[in-house]
$ cat target_12.cif   # mmCIF, C-alpha atoms
data_upload
#
loop_
_atom_site.label_atom_id
_atom_site.label_comp_id
_atom_site.auth_asym_id
_atom_site.auth_seq_id
_atom_site.Cartn_x
_atom_site.Cartn_y
_atom_site.Cartn_z
CA MET N 30 19.23 -10.02 8.56
CA SER N 31 19.59 -7.21 6.08
CA PHE N 32 22.44 -10.73 4.24
CA ARG N 33 24.53 -6.25 -6.70
CA SER N 34 27.48 -5.98 -8.02
CA ALA N 35 30.40 -5.39 -10.36
CA GLY N 36 30.14 -6.12 -14.10
CA PHE N 37 32.65 -8.17 -15.94
CA ARG N 38 33.91 -7.42 -19.46
CA PRO N 39 35.99 -9.75 -21.66
CA THR N 40 39.49 -8.46 -22.31
CA VAL N 41 40.17 -7.92 -26.05
CA LEU N 42 43.73 -8.04 -27.25
CA GLY N 43 44.56 -5.65 -30.13
CA PRO N 44 46.14 -6.96 -33.36
CA ALA N 45 49.91 -7.06 -33.51
CA LEU N 46 51.40 -4.10 -35.26
CA ALA N 47 53.11 -4.78 -38.60
CA LEU N 48 56.85 -4.22 -38.43
CA GLY N 49 58.32 -2.88 -41.68
CA LEU N 50 61.98 -2.72 -42.61
CA ALA N 51 63.05 -1.05 -45.89
CA LEU N 52 66.55 -1.42 -47.27
CA SER N 53 67.80 0.64 -50.21
CA ALA N 54 71.11 0.79 -52.04
CA GLY N 55 72.51 4.07 -53.34
CA ALA N 56 73.67 4.53 -56.91
CA VAL N 57 77.35 4.02 -57.56
CA MET N 58 79.15 6.02 -60.31
CA ALA N 59 81.31 3.85 -62.54
CA GLN N 60 84.69 5.36 -63.63
CA ASP N 61 83.93 4.57 -67.25
CA ALA N 62 80.75 6.71 -67.06
CA GLN N 63 78.45 3.67 -67.25
CA PRO N 64 74.73 4.41 -66.55
CA GLU N 65 73.70 4.54 -62.90
CA THR N 66 72.44 1.23 -61.54
CA ALA N 67 70.19 1.12 -58.51
CA ALA N 68 69.83 -2.01 -56.37
CA PRO N 69 66.22 -3.12 -55.94
CA ALA N 70 64.68 -2.15 -52.64
CA ALA N 71 64.14 -4.97 -50.19
CA ALA N 72 61.27 -4.91 -47.77
CA SER N 73 60.03 -7.22 -45.04
CA THR N 74 56.48 -6.84 -43.83
CA ALA N 75 55.55 -9.52 -41.34
CA ALA N 76 52.20 -9.11 -39.68
CA ALA N 77 51.12 -11.32 -36.82
CA PRO N 78 47.52 -12.50 -37.00
CA ALA N 79 45.05 -10.75 -34.70
CA ALA N 80 44.79 -12.43 -31.33
CA ALA N 81 41.43 -13.93 -30.45
CA PRO N 82 39.55 -12.34 -27.55
CA ALA N 83 40.74 -13.81 -24.28
CA THR N 84 38.09 -15.19 -21.95
CA THR N 85 39.11 -16.36 -18.52
CA ALA N 86 37.20 -17.65 -15.55
CA ALA N 87 37.51 -14.24 -13.93
CA THR N 88 36.00 -12.37 -16.89
CA ALA N 89 33.39 -14.92 -17.98
CA ALA N 90 29.79 -13.77 -17.81
CA VAL N 91 28.14 -14.57 -14.49
CA LYS N 92 25.40 -17.18 -14.79
CA PRO N 93 22.41 -17.69 -12.49
CA GLY N 94 23.40 -19.50 -9.32
CA ASP N 95 23.83 -23.27 -9.43
CA ALA N 96 22.63 -24.88 -6.19
CA THR N 97 24.64 -28.05 -6.83
CA ALA N 98 27.87 -26.10 -7.28
CA GLY N 99 26.90 -23.97 -4.30
CA GLN N 100 26.56 -26.99 -2.04
CA ALA N 101 30.24 -27.85 -2.48
CA LYS N 102 31.27 -24.24 -1.96
CA ALA N 103 29.08 -23.97 1.17
CA ALA N 104 31.05 -26.58 3.10
CA VAL N 105 33.08 -23.89 4.85
CA CYS N 106 29.89 -21.95 5.69
CA GLY N 107 28.44 -24.89 7.60
CA ALA N 108 30.63 -24.37 10.66
CA CYS N 109 28.63 -21.26 11.61
CA HIS N 110 25.46 -21.33 9.53
CA GLY N 111 24.78 -25.07 9.42
CA MET N 112 25.20 -27.25 6.36
CA ASP N 113 21.57 -26.69 5.39
CA GLY N 114 21.60 -23.03 6.39
CA ASN N 115 19.95 -23.64 9.78
CA SER N 116 22.54 -22.46 12.29
CA ALA N 117 22.58 -24.17 15.66
CA ASP N 118 24.15 -21.15 17.38
CA ALA N 119 21.67 -18.26 17.61
CA GLN N 120 24.38 -15.62 17.20
CA TYR N 121 24.77 -16.73 13.58
CA PRO N 122 21.83 -16.10 11.22
CA LYS N 123 19.90 -18.80 9.45
CA LEU N 124 20.56 -18.65 5.70
CA ALA N 125 18.09 -21.37 4.71
CA GLY N 126 15.37 -19.96 2.46
CA GLN N 127 17.14 -16.62 2.06
CA SER N 128 17.00 -15.31 -1.51
CA GLU N 129 19.97 -15.64 -3.86
CA GLN N 130 19.85 -11.91 -4.61
CA TYR N 131 20.04 -10.92 -0.96
CA ILE N 132 22.91 -13.28 -0.17
CA VAL N 133 24.88 -11.98 -3.17
CA ARG N 134 24.33 -8.40 -2.04
CA GLN N 135 25.58 -9.09 1.48
CA LEU N 136 28.63 -11.08 0.35
CA THR N 137 29.48 -8.28 -2.07
CA SER N 138 29.23 -5.75 0.77
CA PHE N 139 31.46 -7.87 3.00
CA LYS N 140 34.05 -8.24 0.23
CA ALA N 141 34.04 -4.47 -0.41
CA GLY N 142 34.29 -3.71 3.31
CA LYS N 143 30.98 -1.83 3.32
CA ARG N 144 29.56 -4.30 5.83
CA GLN N 145 31.97 -4.86 8.67
CA ASN N 146 32.49 -8.28 10.21
CA PRO N 147 36.01 -9.71 10.61
CA ILE N 148 34.96 -13.31 9.97
CA MET N 149 32.70 -12.66 7.01
CA MET N 150 35.03 -10.14 5.38
CA GLY N 151 37.73 -12.82 5.35
CA MET N 152 35.34 -15.44 4.02
CA ALA N 153 34.03 -13.20 1.24
CA ALA N 154 37.42 -11.89 0.09
CA PRO N 155 38.33 -14.83 -2.22
CA LEU N 156 34.82 -15.33 -3.62
CA SER N 157 34.06 -14.53 -7.25
CA GLU N 158 30.68 -13.16 -8.22
CA GLN N 159 29.79 -16.59 -9.60
CA ASP N 160 30.71 -18.19 -6.25
CA MET N 161 28.35 -15.79 -4.51
CA HIS N 162 25.48 -16.62 -6.84
CA ASP N 163 26.07 -20.36 -6.43
CA LEU N 164 26.11 -20.05 -2.64
CA GLY N 165 22.96 -17.94 -2.75
CA ALA N 166 21.18 -20.48 -4.95
CA TYR N 167 22.12 -23.31 -2.62
CA PHE N 168 20.86 -21.66 0.56
CA ALA N 169 17.74 -20.39 -1.23
CA SER N 170 16.88 -24.01 -1.99
CA LYS N 171 16.77 -24.90 1.71
CA THR N 172 13.98 -24.35 4.23
CA ALA N 173 14.35 -22.46 7.50
CA LEU N 174 13.39 -24.55 10.51
CA PRO N 175 10.60 -22.87 12.52
CA GLY N 176 11.37 -21.26 15.84
CA VAL N 177 9.26 -20.43 18.88
CA ALA N 178 8.08 -17.02 20.08
CA ASP N 179 7.62 -15.90 23.68
CA GLN N 180 3.84 -15.72 24.19
CA ALA N 181 4.22 -12.68 26.44
CA LEU N 182 5.77 -10.71 23.55
CA VAL N 183 3.62 -11.91 20.66
CA GLU N 184 0.93 -9.23 20.77
CA HIS N 185 3.39 -6.33 20.85
CA GLY N 186 5.62 -7.88 18.21
CA GLN N 187 2.72 -8.75 15.93
CA THR N 188 1.33 -5.20 16.10
CA LEU N 189 4.65 -3.70 15.04
CA PHE N 190 5.21 -6.32 12.34
CA ARG N 191 1.75 -5.98 10.78
CA GLN N 192 0.78 -2.38 11.56
CA GLY N 193 3.86 -0.48 12.62
CA ASP N 194 3.35 2.70 14.63
CA ALA N 195 2.57 5.78 12.55
CA THR N 196 2.87 8.08 15.58
CA ARG N 197 6.60 7.21 15.74
CA ASP N 198 7.25 6.88 11.98
CA ILE N 199 7.62 3.11 12.27
CA PRO N 200 6.28 1.33 9.16
CA ALA N 201 4.87 -2.19 9.29
CA CYS N 202 7.64 -4.74 8.77
CA MET N 203 5.46 -6.73 6.42
CA ALA N 204 5.34 -3.78 3.99
CA CYS N 205 8.83 -4.77 2.83
CA HIS N 206 9.33 -8.27 4.21
CA SER N 207 5.89 -9.59 3.17
CA ILE N 208 2.95 -10.70 5.29
CA ASP N 209 4.55 -14.07 6.06
CA GLY N 210 8.07 -12.73 6.49
CA ARG N 211 9.37 -14.38 3.31
CA GLY N 212 10.92 -11.16 2.06
CA ASN N 213 11.04 -9.61 -1.40
CA PRO N 214 13.86 -11.06 -3.55
CA GLY N 215 13.42 -8.53 -6.36
CA ALA N 216 13.93 -5.60 -4.00
CA MET N 217 16.54 -7.56 -2.01
CA TYR N 218 14.55 -7.33 1.22
CA PRO N 219 15.49 -10.42 3.24
CA GLN N 220 13.43 -13.27 4.55
CA LEU N 221 12.82 -12.85 8.28
CA THR N 222 10.57 -15.78 9.12
CA SER N 223 11.99 -18.19 11.72
CA GLN N 224 15.21 -16.19 12.13
CA HIS N 225 16.90 -16.47 15.53
CA ALA N 226 15.53 -13.86 17.94
CA GLN N 227 19.02 -13.32 19.33
CA TYR N 228 20.39 -12.43 15.91
CA ILE N 229 17.44 -10.16 15.04
CA GLU N 230 17.72 -8.36 18.35
CA ALA N 231 21.48 -7.83 18.05
CA THR N 232 21.12 -6.54 14.48
CA LEU N 233 18.29 -4.12 15.30
CA LYS N 234 20.25 -2.80 18.29
CA ALA N 235 23.32 -2.25 16.12
CA TRP N 236 21.26 -0.30 13.58
CA HIS N 237 19.63 1.67 16.41
CA ASP N 238 23.08 2.64 17.64
CA GLY N 239 24.28 3.83 14.23
CA THR N 240 25.68 0.83 12.41
CA SER N 241 25.14 0.85 8.65
CA TRP N 242 25.78 -1.82 6.01
CA GLY N 243 26.66 0.61 3.23
CA ASP N 244 26.30 4.19 2.05
CA ASP N 245 23.57 3.81 -0.57
CA ALA N 246 19.90 4.61 -0.01
CA HIS N 247 18.95 0.93 0.31
CA SER N 248 21.40 0.51 3.19
CA GLN N 249 19.95 3.45 5.12
CA VAL N 250 16.38 2.13 5.32
CA MET N 251 16.70 -0.11 8.38
CA PRO N 252 19.02 2.09 10.48
CA ALA N 253 16.52 4.94 10.11
CA ILE N 254 13.64 2.70 11.24
CA ALA N 255 15.58 1.03 14.05
CA LYS N 256 16.38 4.41 15.60
CA GLN N 257 12.65 4.79 16.32
CA LEU N 258 12.42 1.45 18.15
CA SER N 259 12.69 1.10 21.92
CA ALA N 260 14.45 -1.81 23.60
CA ASP N 261 11.03 -3.36 24.32
CA ASP N 262 10.01 -2.95 20.67
CA ILE N 263 13.16 -4.72 19.52
CA ALA N 264 12.76 -7.60 21.96
CA ALA N 265 9.11 -8.11 20.98
CA LEU N 266 9.79 -7.96 17.24
CA ALA N 267 12.75 -10.34 17.49
CA SER N 268 10.72 -12.91 19.41
CA TYR N 269 7.70 -12.60 17.12
CA ILE N 270 9.85 -13.03 13.99
CA GLU N 271 11.49 -16.19 15.35
CA GLY N 272 8.05 -17.73 15.82
CA LEU N 273 6.78 -16.53 12.45
CA HIS N 274 6.25 -19.36 9.95
CA SER N 275 3.54 -21.13 8.04
CA ALA N 276 0.54 -22.41 10.03
CA GLY N 277 0.99 -26.18 9.87
CA SER N 278 4.66 -26.26 10.85
CA GLN N 279 5.01 -26.04 14.62
CA PRO N 280 3.57 -23.94 17.46
CA THR N 281 4.65 -20.30 17.15
CA SER N 282 4.78 -19.44 20.82
CA ALA N 283 6.00 -20.86 24.07
CA PRO N 284 4.41 -20.40 27.49
#
$ encode --input "target_12.cif" --output "structure tokens"
Amino acid sequence: MSFRSAGFRPTVLGPALALGLALSAGAVMAQDAQPETAAPAAASTAAAPAAAPATTAATAAVKPGDATAGQAKAAVCGACHGMDGNSADAQYPKLAGQSEQYIVRQLTSFKAGKRQNPIMMGMAAPLSEQDMHDLGAYFASKTALPGVADQALVEHGQTLFRQGDATRDIPACMACHSIDGRGNPGAMYPQLTSQHAQYIEATLKAWHDGTSWGDDAHSQVMPAIAKQLSADDIAALASYIEGLHSAGSQPTSAP
């Protein structure tokens, strides 16, 4: 699943302007030619003290994600993605073990409408940037449950994942997603290991057919690669990725 961001600046209120009012009295000529007498000028200069900078929840600096806070916020996510990020329905991606940075990027794209999905766009709309980081930290703290690959597709899938196909301009998947499929959080390349084959296959097909998750260079990487993949390539890669996990977990292929 290819699942940063607007800055926030405290609002500073300017000092209240001083309001001056000057009153003056004109000289009055006495009939007996007395000297001119001028009334003293009266002035009122009230200045309100400068207002302190206002800091609200919306403008507060975003802190690193808090997994504990994220757990409470993730309750609504559990219906599709599972409470621990391991979705039971293969059409929904596993979020367990996904990096905080990647989850924040995807939620930001959903909220901005750059990544289109009616359900997720509605879910992301009310989230603050801090909410996104907390959710990301929570799911990053979980572990993806291993899946099983189809033995008949393993060889083909493994070749594409580890070597790619230079004759068709297909790079090795592990070049970005790491040798064990754990991804690259710094570059916001997602974890793939143990992801549902059905979800991987549907996503690669969508990219192959022209779907994009944004208009920046980062968002164009996978659509360009997916266009070079055949239906057989996609099926083999999806199956291999589902069975990809650390060696002591569970068998990685099924007969």
$ atom_distance --input "target_12.cif" --atom1 "CA of Gly176 in chain N" --atom2 "CA of Val133 in chain N"
25.1 Å
$ closest_atom_pairs --input "target_12.cif" --of "range 75-185 of chain N" --to "range 219-224 of chain N" --cutoff "10 Å" --atoms "all atoms listed in the file" --output "JSON lines"
{"residue": "N:Asn115", "atom": "CA", "partner": "N:Gln224", "partner_atom": "CA", "distance": 9.1}
{"residue": "N:Ser116", "atom": "CA", "partner": "N:Gln224", "partner_atom": "CA", "distance": 9.6}
{"residue": "N:Ala119", "atom": "CA", "partner": "N:Gln224", "partner_atom": "CA", "distance": 8.7}
{"residue": "N:Tyr121", "atom": "CA", "partner": "N:Gln224", "partner_atom": "CA", "distance": 9.7}
{"residue": "N:Pro122", "atom": "CA", "partner": "N:Gln224", "partner_atom": "CA", "distance": 6.7}
{"residue": "N:Lys123", "atom": "CA", "partner": "N:Gln224", "partner_atom": "CA", "distance": 6.0}
{"residue": "N:Leu124", "atom": "CA", "partner": "N:Gln224", "partner_atom": "CA", "distance": 8.7}
{"residue": "N:Ala125", "atom": "CA", "partner": "N:Gln220", "partner_atom": "CA", "distance": 9.3}
{"residue": "N:Gly126", "atom": "CA", "partner": "N:Gln220", "partner_atom": "CA", "distance": 7.3}
{"residue": "N:Gln127", "atom": "CA", "partner": "N:Gln220", "partner_atom": "CA", "distance": 5.6}
{"residue": "N:Ser128", "atom": "CA", "partner": "N:Pro219", "partner_atom": "CA", "distance": 7.0}
{"residue": "N:Glu129", "atom": "CA", "partner": "N:Pro219", "partner_atom": "CA", "distance": 9.9}
{"residue": "N:Gln130", "atom": "CA", "partner": "N:Pro219", "partner_atom": "CA", "distance": 9.1}
{"residue": "N:Tyr131", "atom": "CA", "partner": "N:Pro219", "partner_atom": "CA", "distance": 6.2}
{"residue": "N:Ile132", "atom": "CA", "partner": "N:Pro219", "partner_atom": "CA", "distance": 8.7}
{"residue": "N:Thr172", "atom": "CA", "partner": "N:Ser223", "partner_atom": "CA", "distance": 9.9}
{"residue": "N:Ala173", "atom": "CA", "partner": "N:Ser223", "partner_atom": "CA", "distance": 6.5}
{"residue": "N:Leu174", "atom": "CA", "partner": "N:Ser223", "partner_atom": "CA", "distance": 6.6}
{"residue": "N:Pro175", "atom": "CA", "partner": "N:Ser223", "partner_atom": "CA", "distance": 4.9}
{"residue": "N:Gly176", "atom": "CA", "partner": "N:Ser223", "partner_atom": "CA", "distance": 5.2}
{"residue": "N:Val177", "atom": "CA", "partner": "N:Ser223", "partner_atom": "CA", "distance": 8.0}
{"residue": "N:Ala178", "atom": "CA", "partner": "N:Ser223", "partner_atom": "CA", "distance": 9.3}
$ closest_atom_pairs --input "target_12.cif" --of "range 87-195 of chain N" --to "range 241-244 of chain N" --cutoff "8 Å" --atoms "all atoms listed in the file" --output "Markdown table"
| residue | atom | partner | partner_atom | distance |
| --- | --- | --- | --- | --- |
| N:Ser138 | CA | N:Gly243 | CA | 7.3 |
| N:Lys143 | CA | N:Gly243 | CA | 5.0 |
| N:Arg144 | CA | N:Trp242 | CA | 4.5 |
| N:Gln145 | CA | N:Trp242 | CA | 7.4 |
$ atom_distance --input "target_12.cif" --atom1 "CA of Ser207 in chain N" --atom2 "CA of Ser268 in chain N"
17.3 Å
$ resolve_selection --input "target_12.cif" --expression "the PyMOL selection byres ((chain N and resi 254) around 10)" --output "JSON, numbers by chain"
{"N": [197, 198, 199, 200, 202, 233, 236, 237, 249, 250, 251, 252, 253, 255, 256, 257, 258]}
$ resolve_selection --input "target_12.cif" --expression "the PyMOL selection byres ((chain N and resi 95) around 12)" --output "number ranges by chain"
N: 91-94, 96-103, 129, 159-170
$ atom_distance --input "target_12.cif" --atom1 "CA of Ala117 in chain N" --atom2 "CA of Asp262 in chain N"
25.2 Å
$ resolve_selection --input "target_12.cif" --expression "the PyMOL selection byres ((chain N and resi 227) around 10)" --output "PyMOL selection string"
chain N and resi 118-122+224-226+228-232+264+267-268+271
$ residues_near_point --input "target_12.cif" --point "(30.3, -17.0, 10.2)" --cutoff "10 Å" --atoms "all atoms listed in the file" --output "list in words"
Val105, Cys106, Gly107, Ala108, Cys109, His110, Gly111, Ser116, Gln120, Tyr121, Pro122, Asn146, Pro147, Ile148, Met149, Met150, Gly151 and Met152 of chain N
$ closest_residue --input "target_12.cif" --among "N:Ala90, N:Ser248, N:Ala204, N:Thr240" --to "Gln192 in chain N" --atoms "all atoms listed in the file"
N:Ala204
